[in-house]
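input_25.txt (compact mmCIF, C-alpha atoms)
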# COMPACT_ATOMS: atom_id res chain seq x y z
CA MET A 1 0.00 0.00 0.00
CA ALA A 2 1.00 3.65 -0.21
CA SER A 3 3.31 4.74 2.59
CA LEU A 4 0.90 7.24 4.10
CA VAL A 5 2.50 10.25 5.77
CA SER A 6 0.57 9.53 8.97
CA SER A 7 2.07 6.04 9.17
CA TRP A 8 5.60 7.36 9.87
CA ALA A 9 5.47 11.13 10.54
CA SER A 10 5.61 10.76 14.34
CA GLN A 11 8.78 8.66 14.06
CA VAL A 12 10.99 11.21 12.25
CA ASN A 13 12.87 14.23 13.56
CA THR A 14 13.69 15.69 10.14
CA VAL A 15 11.64 16.04 6.98
CA PRO A 16 12.48 13.44 4.30
CA GLU A 17 13.87 15.05 1.14
CA ARG A 18 10.87 13.95 -0.87
CA TYR A 19 8.61 16.27 1.16
CA VAL A 20 10.92 19.30 1.17
CA VAL A 21 9.29 22.05 -0.89
CA PRO A 22 11.52 24.00 -3.32
CA THR A 23 12.66 27.29 -1.80
CA GLU A 24 10.60 29.44 -4.16
CA LYS A 25 7.37 27.67 -3.12
CA ARG A 26 7.90 27.57 0.63
CA LEU A 27 5.27 29.10 2.88
CA ASN A 28 5.77 31.74 5.51
CA VAL A 29 3.98 29.96 8.32
CA ASN A 30 3.83 33.08 10.51
CA VAL A 31 1.28 35.14 8.60
CA PRO A 32 -1.14 37.46 10.45
CA ILE A 33 -4.63 36.23 11.31
CA GLY A 34 -7.13 37.76 8.90
CA LYS A 35 -9.55 39.27 11.39
CA GLU A 36 -11.07 41.28 8.55
CA ILE A 37 -12.03 38.19 6.51
CA PRO A 38 -15.84 38.39 6.62
CA VAL A 39 -17.86 36.06 8.84
CA ILE A 40 -21.37 36.04 7.36
CA ASP A 41 -24.49 34.99 9.27
CA LEU A 42 -26.72 33.05 6.89
CA SER A 43 -29.67 33.32 9.31
CA HIS A 44 -29.95 37.11 8.91
CA PRO A 45 -33.57 37.92 7.98
CA ASN A 46 -32.60 40.25 5.11
CA SER A 47 -31.35 38.13 2.21
CA ALA A 48 -30.30 41.22 0.25
CA HIS A 49 -27.99 42.17 3.12
CA ILE A 50 -26.41 38.68 3.12
CA ALA A 51 -26.04 38.74 -0.67
CA GLU A 52 -24.30 42.13 -0.51
CA GLN A 53 -21.85 40.81 2.10
CA ILE A 54 -21.09 37.70 0.03
CA ILE A 55 -20.46 39.70 -3.15
CA LYS A 56 -18.12 42.12 -1.32
CA ALA A 57 -16.21 39.27 0.35
CA SER A 58 -15.96 37.46 -2.98
CA GLN A 59 -14.44 40.53 -4.59
CA ASP A 60 -11.99 41.28 -1.78
CA TYR A 61 -10.85 37.74 -0.93
CA GLY A 62 -12.69 35.08 -2.93
CA VAL A 63 -13.10 33.57 0.56
CA PHE A 64 -15.37 34.15 3.55
CA GLN A 65 -16.70 32.26 6.55
CA VAL A 66 -20.34 31.40 7.22
CA ILE A 67 -22.16 30.73 10.48
CA ASN A 68 -25.73 29.55 11.16
CA HIS A 69 -25.48 27.58 7.93
CA GLY A 70 -27.73 24.69 8.97
CA VAL A 71 -25.06 22.12 9.92
CA SER A 72 -25.28 21.63 13.68
CA GLN A 73 -22.30 21.85 16.02
CA GLU A 74 -23.15 18.33 17.19
CA LEU A 75 -22.90 16.96 13.64
CA ILE A 76 -19.62 18.84 13.10
CA GLY A 77 -18.25 17.21 16.24
CA ASP A 78 -19.44 13.80 15.04
CA VAL A 79 -17.85 14.20 11.60
CA LEU A 80 -14.48 15.26 13.03
CA LYS A 81 -14.59 12.29 15.39
CA VAL A 82 -15.42 9.74 12.69
CA CYS A 83 -12.70 11.14 10.40
CA ASP A 84 -10.13 10.89 13.20
CA GLU A 85 -11.23 7.30 13.84
CA PHE A 86 -10.95 6.49 10.13
CA PHE A 87 -7.32 7.58 9.89
CA LYS A 88 -6.52 5.55 13.03
CA LEU A 89 -7.85 2.31 11.56
CA PRO A 90 -5.40 -0.60 11.20
CA ILE A 91 -3.37 -0.69 7.99
CA GLU A 92 -5.29 -3.68 6.67
CA ASP A 93 -8.52 -1.64 6.79
CA LEU A 94 -6.98 1.39 5.09
CA GLU A 95 -5.06 -0.40 2.35
CA LYS A 96 -8.25 -1.35 0.46
CA TYR A 97 -8.63 2.35 -0.42
CA THR A 98 -5.07 2.90 -1.64
CA GLU A 99 -3.64 2.26 -5.07
CA GLU A 100 -0.31 0.94 -6.28
CA GLU A 101 0.67 4.45 -7.35
CA GLU A 102 0.95 6.22 -4.01
CA LEU A 103 1.00 9.80 -5.31
CA SER A 104 -1.94 11.48 -6.99
CA GLU A 105 -3.23 14.89 -7.99
CA PHE A 106 -6.66 15.78 -6.64
CA GLU A 107 -8.62 15.18 -9.84
CA PRO A 108 -11.66 13.07 -8.89
CA ASN A 109 -14.40 11.99 -11.26
CA LEU A 110 -18.07 11.24 -10.79
CA ASP A 111 -17.74 7.48 -10.47
CA GLN A 112 -14.55 7.50 -8.45
CA LYS A 113 -14.75 5.10 -5.57
CA PRO A 114 -13.23 6.18 -2.25
CA LYS A 115 -9.51 6.78 -2.66
CA LEU A 116 -6.82 7.29 -0.03
CA PHE A 117 -3.65 8.91 -1.32
CA ILE A 118 -0.78 11.31 -0.80
CA GLU A 119 -1.43 14.41 -2.85
CA LYS A 120 1.15 16.09 -5.04
CA GLU A 121 1.04 19.34 -6.96
CA TYR A 122 -0.05 18.94 -10.55
CA LYS A 123 2.90 19.92 -12.72
CA PRO A 124 2.49 19.58 -16.49
CA LYS A 125 5.58 18.67 -18.46
CA LYS A 126 7.36 21.59 -20.07
CA ASN A 127 10.08 21.04 -22.64
CA GLY A 128 9.71 17.32 -22.05
CA LYS A 129 10.51 17.37 -18.33
CA ASN A 130 8.99 18.21 -14.98
CA ASP A 131 10.28 20.45 -12.24
CA LYS A 132 10.92 18.88 -8.83
CA GLU A 133 7.74 17.17 -7.72
CA VAL A 134 6.07 18.93 -4.79
CA VAL A 135 4.64 16.30 -2.45
CA PHE A 136 2.31 17.56 0.24
CA TRP A 137 2.60 16.70 3.93
CA LYS A 138 -0.85 15.15 4.21
CA ASP A 139 -3.00 12.11 3.56
CA THR A 140 -6.24 12.63 1.63
CA PHE A 141 -9.34 10.46 1.49
CA ALA A 142 -11.81 11.52 -1.20
CA HIS A 143 -15.03 10.29 -2.76
CA CYS A 144 -18.21 11.53 -4.41
CA THR A 145 -21.16 12.39 -2.13
CA HIS A 146 -23.68 13.68 -4.69
CA PRO A 147 -25.51 12.46 -6.65
CA THR A 148 -26.01 9.56 -4.27
CA LYS A 149 -26.59 6.05 -5.54
CA GLU A 150 -26.85 2.88 -3.50
CA ASP A 151 -23.79 1.28 -5.08
CA ARG A 152 -21.77 4.46 -4.54
CA ILE A 153 -22.72 4.68 -0.85
CA ASN A 154 -22.00 0.97 -0.46
CA SER A 155 -18.42 1.69 -1.55
CA TRP A 156 -17.93 4.06 1.39
CA PRO A 157 -16.05 2.65 4.40
CA GLU A 158 -17.85 0.24 6.71
CA LYS A 159 -15.40 1.23 9.42
CA PRO A 160 -15.73 3.21 11.57
CA ALA A 161 -19.26 1.92 12.03
CA GLN A 162 -20.81 5.40 11.91
CA TYR A 163 -18.89 6.61 8.82
CA ARG A 164 -21.64 6.22 6.22
CA GLU A 165 -24.36 7.68 8.42
CA VAL A 166 -22.34 10.63 9.72
CA ILE A 167 -20.63 11.53 6.44
CA GLY A 168 -23.94 11.16 4.59
CA LYS A 169 -25.73 13.56 6.96
CA TYR A 170 -22.85 16.01 6.91
CA ALA A 171 -22.53 16.00 3.12
CA GLU A 172 -26.28 16.53 2.75
CA GLY A 173 -26.25 19.46 5.20
CA VAL A 174 -23.25 21.08 3.53
CA ARG A 175 -24.82 20.68 0.09
CA LYS A 176 -27.89 22.57 1.25
CA ALA A 177 -25.64 25.33 2.60
CA ASN A 178 -23.66 25.41 -0.67
CA LEU A 179 -26.83 25.78 -2.75
CA ARG A 180 -28.13 28.48 -0.40
CA ILE A 181 -24.88 30.45 -0.81
CA LEU A 182 -25.07 30.10 -4.60
CA GLU A 183 -28.66 31.42 -4.55
CA LEU A 184 -27.49 34.43 -2.53
CA MET A 185 -24.65 35.01 -4.98
CA CYS A 186 -27.21 35.00 -7.80
CA GLU A 187 -29.29 37.57 -5.91
CA GLY A 188 -26.24 39.77 -5.47
CA LEU A 189 -25.24 39.44 -9.13
CA GLY A 190 -28.76 40.02 -10.46
CA LEU A 191 -29.22 36.50 -11.83
CA GLU A 192 -32.18 34.17 -11.41
CA LYS A 193 -31.73 32.46 -8.05
CA ASP A 194 -31.67 28.99 -9.62
CA TYR A 195 -28.97 29.87 -12.19
CA PHE A 196 -26.53 27.40 -10.59
CA ALA A 197 -29.13 24.69 -10.05
CA ASN A 198 -28.94 21.38 -11.89
CA GLU A 199 -25.89 20.74 -14.09
CA LEU A 200 -23.71 23.64 -12.83
CA SER A 201 -23.84 22.27 -9.28
CA HIS A 202 -24.60 18.62 -10.01
CA ILE A 203 -21.58 17.00 -8.36
CA GLN A 204 -20.22 17.19 -4.83
CA TYR A 205 -17.04 15.55 -3.58
CA ILE A 206 -15.69 15.29 -0.08
CA ALA A 207 -11.96 15.50 0.56
CA ILE A 208 -10.89 14.59 4.08
CA ASN A 209 -7.35 15.74 4.77
CA LEU A 210 -5.07 14.65 7.59
CA TYR A 211 -2.02 16.86 8.11
CA PRO A 212 0.22 15.03 10.60
CA LYS A 213 2.33 16.97 13.08
CA CYS A 214 5.48 18.02 11.21
CA PRO A 215 9.06 18.33 12.57
CA ASP A 216 9.78 21.39 10.40
CA PRO A 217 6.76 23.28 8.96
CA THR A 218 9.06 25.86 7.31
CA VAL A 219 10.15 23.40 4.58
CA THR A 220 6.87 21.55 3.97
CA ALA A 221 3.39 22.38 2.68
CA GLY A 222 -0.06 20.95 3.23
CA ALA A 223 -0.84 22.57 -0.13
CA VAL A 224 0.95 25.24 -2.14
CA GLU A 225 -0.73 28.33 -3.59
CA HIS A 226 -3.61 27.40 -5.88
CA ASN A 227 -7.21 28.03 -6.99
CA ASP A 228 -9.96 25.43 -6.99
CA GLY A 229 -11.28 24.50 -10.43
CA GLY A 230 -14.90 23.93 -9.42
CA VAL A 231 -17.74 26.20 -8.32
CA ILE A 232 -17.48 26.44 -4.56
CA ASN A 233 -15.82 24.63 -1.65
CA LEU A 234 -17.18 24.65 1.90
CA LEU A 235 -14.31 23.76 4.21
CA LEU A 236 -14.36 22.67 7.83
CA GLN A 237 -11.10 23.26 9.71
CA GLU A 238 -10.68 22.39 13.38
CA LEU A 239 -7.23 23.97 13.66
CA GLY A 240 -5.54 26.87 11.89
CA GLY A 241 -3.41 26.31 8.80
CA LEU A 242 -5.45 27.68 5.90
CA HIS A 243 -4.00 30.84 4.32
CA VAL A 244 -5.77 33.07 1.78
CA ARG A 245 -4.39 35.85 -0.39
CA ARG A 246 -6.07 39.24 -0.22
CA GLN A 247 -6.89 40.41 -3.74
CA LYS A 248 -5.95 44.09 -3.50
CA ASP A 249 -2.35 43.72 -2.33
CA GLY A 250 -1.45 40.02 -2.37
CA GLN A 251 -1.08 39.88 1.43
CA TRP A 252 -1.35 36.36 2.84
CA LEU A 253 -3.69 36.00 5.83
CA ALA A 254 -4.45 33.06 8.10
CA VAL A 255 -8.11 32.06 8.28
CA GLU A 256 -9.05 31.96 11.94
CA PRO A 257 -10.75 28.72 13.04
CA ILE A 258 -14.17 29.66 14.43
CA PRO A 259 -16.12 26.88 16.17
CA GLY A 260 -19.08 25.88 14.03
CA ALA A 261 -18.09 28.05 11.06
CA LEU A 262 -17.45 26.83 7.52
CA VAL A 263 -14.98 28.50 5.16
CA CYS A 264 -16.37 29.23 1.70
CA ILE A 265 -13.70 29.19 -1.04
CA ASN A 266 -14.84 30.36 -4.47
CA GLY A 267 -13.66 28.33 -7.47
CA MET A 268 -12.69 29.46 -10.96
CA VAL A 269 -16.10 28.52 -12.37
CA LEU A 270 -17.64 31.33 -10.31
CA LYS A 271 -15.11 33.81 -11.64
CA VAL A 272 -15.89 32.83 -15.24
CA ILE A 273 -19.69 32.86 -14.83
CA SER A 274 -19.62 36.24 -13.05
CA ASN A 275 -17.39 37.55 -15.89
CA GLY A 276 -14.67 38.38 -13.40
CA LYS A 277 -16.86 40.24 -10.90
CA LEU A 278 -16.25 37.54 -8.27
CA GLU A 279 -12.74 36.37 -7.49
CA SER A 280 -11.69 32.78 -6.96
CA GLY A 281 -10.02 32.22 -3.61
CA ILE A 282 -6.25 31.83 -3.86
CA HIS A 283 -5.23 29.69 -0.92
CA ARG A 284 -2.60 27.37 0.54
CA VAL A 285 -2.16 25.24 3.66
CA ALA A 286 0.65 25.36 6.21
CA THR A 287 1.66 22.43 8.41
CA ASN A 288 2.35 22.70 12.14
CA SER A 289 4.64 21.12 14.74
CA VAL A 290 2.03 21.00 17.52
CA ARG A 291 -0.50 18.33 16.62
CA ASP A 292 -2.29 16.58 13.79
CA ARG A 293 -4.86 18.65 11.88
CA ILE A 294 -7.97 17.45 10.04
CA SER A 295 -9.95 19.42 7.47
CA LEU A 296 -12.93 18.46 5.32
CA GLY A 297 -13.65 20.10 2.00
CA CYS A 298 -16.98 19.67 0.21
CA LEU A 299 -16.46 20.75 -3.39
CA THR A 300 -19.39 21.52 -5.68
CA SER A 301 -18.72 21.16 -9.41
CA PRO A 302 -20.62 21.02 -12.71
CA THR A 303 -21.44 17.69 -14.27
CA CYS A 304 -18.73 16.17 -16.45
CA CYS A 305 -21.34 14.35 -18.52
CA GLY A 306 -22.83 15.84 -21.67
CA GLU A 307 -22.01 19.37 -22.71
CA CYS A 308 -22.30 21.53 -19.61
CA ILE A 309 -21.05 24.90 -20.88
CA ILE A 310 -18.96 27.18 -18.69
CA GLU A 311 -19.23 30.79 -19.83
CA PRO A 312 -20.05 34.27 -18.53
CA ALA A 313 -23.74 34.54 -17.65
CA LYS A 314 -25.45 36.31 -20.55
CA PRO A 315 -27.63 38.57 -18.34
CA LEU A 316 -24.43 40.13 -16.97
CA LEU A 317 -23.03 41.04 -20.40
CA SER A 318 -23.45 44.29 -22.29
CA GLU A 319 -21.60 46.60 -24.65
CA THR A 320 -19.78 48.06 -21.66
CA ASN A 321 -19.24 44.65 -20.06
CA PRO A 322 -18.27 42.26 -22.87
CA PRO A 323 -17.32 38.65 -22.10
CA LYS A 324 -13.85 38.23 -20.59
CA TYR A 325 -13.93 34.45 -21.10
CA LYS A 326 -14.96 32.33 -24.04
CA PRO A 327 -17.38 29.40 -23.63
CA PHE A 328 -16.04 25.91 -22.98
CA SER A 329 -17.62 22.61 -22.15
CA TYR A 330 -16.73 21.66 -18.59
CA THR A 331 -14.67 18.76 -19.93
CA GLU A 332 -12.60 21.16 -22.05
CA TYR A 333 -12.43 23.59 -19.15
CA LEU A 334 -10.91 20.95 -16.87
CA LYS A 335 -8.34 19.98 -19.50
CA ILE A 336 -7.20 23.59 -19.66
CA PHE A 337 -7.22 23.98 -15.88
CA PHE A 338 -5.20 20.84 -15.24
CA THR A 339 -2.82 21.45 -18.14
CA ASP A 340 -1.49 24.66 -16.62
CA SER A 341 -3.62 26.51 -14.10
CA SER A 342 -1.18 29.45 -14.09
CA GLU A 343 -2.13 30.13 -17.74
CA PHE A 344 -5.79 29.26 -17.23
CA GLU A 345 -7.31 32.71 -17.58
CA ALA A 346 -5.19 33.53 -20.61
CA ALA A 347 -6.38 30.32 -22.29
CA LEU A 348 -10.02 31.37 -21.75
CA ASN A 349 -9.46 34.86 -23.15
CA PRO A 350 -11.95 35.30 -26.04
CA TYR A 351 -9.71 37.89 -27.69
CA LYS A 352 -6.58 35.77 -27.73
CA ILE A 353 -5.44 35.00 -31.26
Whole structure given in structure tokens:
Amino acid sequence: MASLVSSWASQVNTVPERYVVPTEKRLNVNVPIGKEIPVIDLSHPNSAHIAEQIIKASQDYGVFQVINHGVSQELIGDVLKVCDEFFKLPIEDLEKYTEEEELSEFEPNLDQKPKLFIEKEYKPKKNGKNDKEVVFWKDTFAHCTHPTKEDRINSWPEKPAQYREVIGKYAEGVRKANLRILELMCEGLGLEKDYFANELSHIQYIAINLYPKCPDPTVTAGAVEHNDGGVINLLLQELGGLHVRRQKDGQWLAVEPIPGALVCINGMVLKVISNGKLESGIHRVATNSVRDRISLGCLTSPTCCGECIIEPAKPLLSETNPPKYKPFSYTEYLKIFFTDSSEFEAALNPYKI
């Protein structure tokens, strides 16, 4: 099976060379806490007020936190507990979810069965060769949670005993919150509230990340700087480590863990559909030398089946606001994103010759 980071991290005093991040990609782990990152109360009686806050936060950071989102504190406690129990299962229980190739990029598909892996940065070949592979200091367990089918749920772990029930309830609650946030974004943008319904938000994945305690966080990364390729990601973090980049000046800020809150990270699909009015959240993850850290991301994405088209919403376009991105099927969009995300926006430029 893959040599999971958690299987040996507590036994080393120095970071193995394989996990040392190149100097130019290393994180400053001592960034200020972003007290100004908005915390938005989804229970506020005035939806227009919430929508205005979400649009402003999406422009300034591409990231915000939400409270009173409908997922109870009790369920959050249960999901963190069951995830901790999962990663502590005996090797023989975990190895059924690993593959012969121990490293993987996070690039799940609709019918992907549960997969446990060590994540690496996606680096396309340039001039026939790759740069040094960046391997993240974490173990990731990922699978699809929507749409739900009996055979898909039956592929979820039977151990811990409560995994299927707890993860199922949590994923359902987070999906409702995700769709509510997307409706509020539509209100703020002036779109029909169901614009993102159906194929644009058809798929939801869960990615459960374990970041083991690290002997030297200054030379490792839980994840390097990146954008998400989907629509929206609602992240649960029990311990600090998530950094976001403020749009106006590039300042990195730590996202403060708030009990019961979920962190909303906008994906590139939102930026395209809003014709650049909303930013996608640029983020990264630092490791720590204190204790293990668990986070859960629930990522909403368009369907990969058929011809789901990703393009600026037509009601937002005008002579003074022409499209900044050309239309692509989501399949084509993903190929561009995973070929070279640093050139992603340039590739979607409708005026590029």
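Across the structure, atom CA of A:His146 and atom CA of A:Gly297 are spaced 13.7 Å apart.
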Quick one: contact table of stretch 201-264 of chain A to stretch 279-291 of chain A, 7 Å max, nearest atom pair and distance in Å to one decimal per residue, counting all atoms listed in the file, chain and number order, as a Markdown table?
| residue | atom | partner | partner_atom | distance |
| --- | --- | --- | --- | --- |
| A:Tyr211 | CA | A:Thr287 | CA | 6.7 |
| A:Pro212 | CA | A:Arg291 | CA | 6.9 |
| A:Lys213 | CA | A:Arg291 | CA | 4.7 |
| A:Cys214 | CA | A:Ser289 | CA | 4.8 |
| A:Pro215 | CA | A:Ser289 | CA | 5.7 |
| A:Asp216 | CA | A:Ser289 | CA | 6.7 |
| A:Pro217 | CA | A:Thr287 | CA | 5.2 |
| A:Thr220 | CA | A:Thr287 | CA | 6.9 |
| A:Ala221 | CA | A:Ala286 | CA | 5.4 |
| A:Gly222 | CA | A:Val285 | CA | 4.8 |
| A:Ala223 | CA | A:Val285 | CA | 4.8 |
| A:Val224 | CA | A:Arg284 | CA | 4.9 |
| A:Glu225 | CA | A:Arg284 | CA | 4.6 |
| A:His226 | CA | A:Ile282 | CA | 5.5 |
| A:Asn227 | CA | A:Ile282 | CA | 5.0 |
| A:Gly241 | CA | A:Ala286 | CA | 4.9 |
| A:Leu242 | CA | A:Val285 | CA | 4.7 |
| A:His243 | CA | A:Arg284 | CA | 5.3 |
| A:Val244 | CA | A:His283 | CA | 4.4 |
| A:Arg245 | CA | A:Ile282 | CA | 5.6 |
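All polymer residues at most 10 Å from (-16.2, 14.3, -0.4), using all atoms listed in the file, appear as Pro108, Pro114, Phe141, Ala142, His143, Cys144, Thr145, His146, Ile167, Gly168, Ala171, Ile203, Gln204, Tyr205, Ile206, Ala207, Ile208, Leu296, Gly297, Cys298, Leu299 and Thr300 of chain A.
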TODO: Pick out the closest residue to A:Phe136 from this set: A:Arg18, A:Lys271, A:Lys88, A:Arg164. Count all atoms listed in the file.
DONE: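 For A:Phe136, the nearest of the candidates is A:Arg18.
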Open item on the list: Give me, as a PyMOL selection string, all polymer residues having an atom no more than 6 Å from stretch 33-39 of chain A, counting all atoms listed in the file and skipping those fewer than 5 positions away in the same chain.
Closed with: chain A and resi 64-66+253-255
Open item on the list: Would you pick out the contacts of stretch 303-320 of chain A at 6 Å or less, using only C-alpha atoms, so that residues sharing its chain but fewer than 2 positions from it are not included, and give the list as a PyMOL selection string?
Closed with: chain A and resi 199+202-203+272-275+322+327-331
Task: Long-range neighbours of A:Glu52 as a ChimeraX atom specification, 12 Å cut-off, only C-alpha atoms, 5 positions minimum in chain - done: /A:38,40,42,46-47,57-59,181,184-190
Open item on the list: One decimal, in Å: what's the spacing between atom CA of A:Tyr333 and atom CA of A:Tyr195?
Closed with: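 Between these atoms lies a distance of 19.0 Å.
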Task: Given only C-alpha atoms as the counted atoms, nearest of A:Lys248, A:Ile336, A:Lys277, A:Arg175 to A:Pro323 - done: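 Of A:Lys248, A:Ile336, A:Lys277, A:Arg175, the one nearest A:Pro323 is A:Lys277, counting only C-alpha atoms.
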Which residues are close to A:Ser7, i.e. within 12 Å by only C-alpha atoms, leaving aside same-chain residues fewer than 3 positions away? Reply as a compact mmCIF listing (two decimals) with C-alpha atoms, in the frame of the given file.
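File selection_3.txt, as written:
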# COMPACT_ATOMS: atom_id res chain seq x y z
CA MET A 1 0.00 0.00 0.00
CA ALA A 2 1.00 3.65 -0.21
CA SER A 3 3.31 4.74 2.59
CA LEU A 4 0.90 7.24 4.10
CA SER A 10 5.61 10.76 14.34
CA GLN A 11 8.78 8.66 14.06
CA VAL A 12 10.99 11.21 12.25
CA PHE A 87 -7.32 7.58 9.89
CA LYS A 88 -6.52 5.55 13.03
CA LEU A 89 -7.85 2.31 11.56
CA PRO A 90 -5.40 -0.60 11.20
CA ILE A 91 -3.37 -0.69 7.99
CA LEU A 94 -6.98 1.39 5.09
CA GLU A 95 -5.06 -0.40 2.35
CA ILE A 118 -0.78 11.31 -0.80
CA TRP A 137 2.60 16.70 3.93
CA LYS A 138 -0.85 15.15 4.21
CA ASP A 139 -3.00 12.11 3.56
CA LEU A 210 -5.07 14.65 7.59
CA TYR A 211 -2.02 16.86 8.11
CA PRO A 212 0.22 15.03 10.60
CA LYS A 213 2.33 16.97 13.08
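Across the structure, atom CA of A:Arg293 and atom CA of A:Leu235 are spaced 13.2 Å apart.
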TODO: For A:Asn178, work out the shell of residues within 8 Å, counting all atoms listed in the file and skipping chain neighbours fewer than 5 positions away, then give it as a PyMOL selection string.
DONE: chain A and resi 232-234+300
- [ ] Tell me which of A:Leu262, A:Val219, A:Leu191, A:Ala48 sits closest to A:Pro16, counting only C-alpha atoms.
- [x]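 Of the candidates, the smallest distance to A:Pro16 is held by A:Val219.
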- [ ] Have a look at A:Ala197, A:Ala177, A:Val231, A:Leu270 and name the one nearest to A:His69; count all atoms listed in the file.
- [x]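 Using all atoms listed in the file, A:His69 sits closest to A:Ala177.
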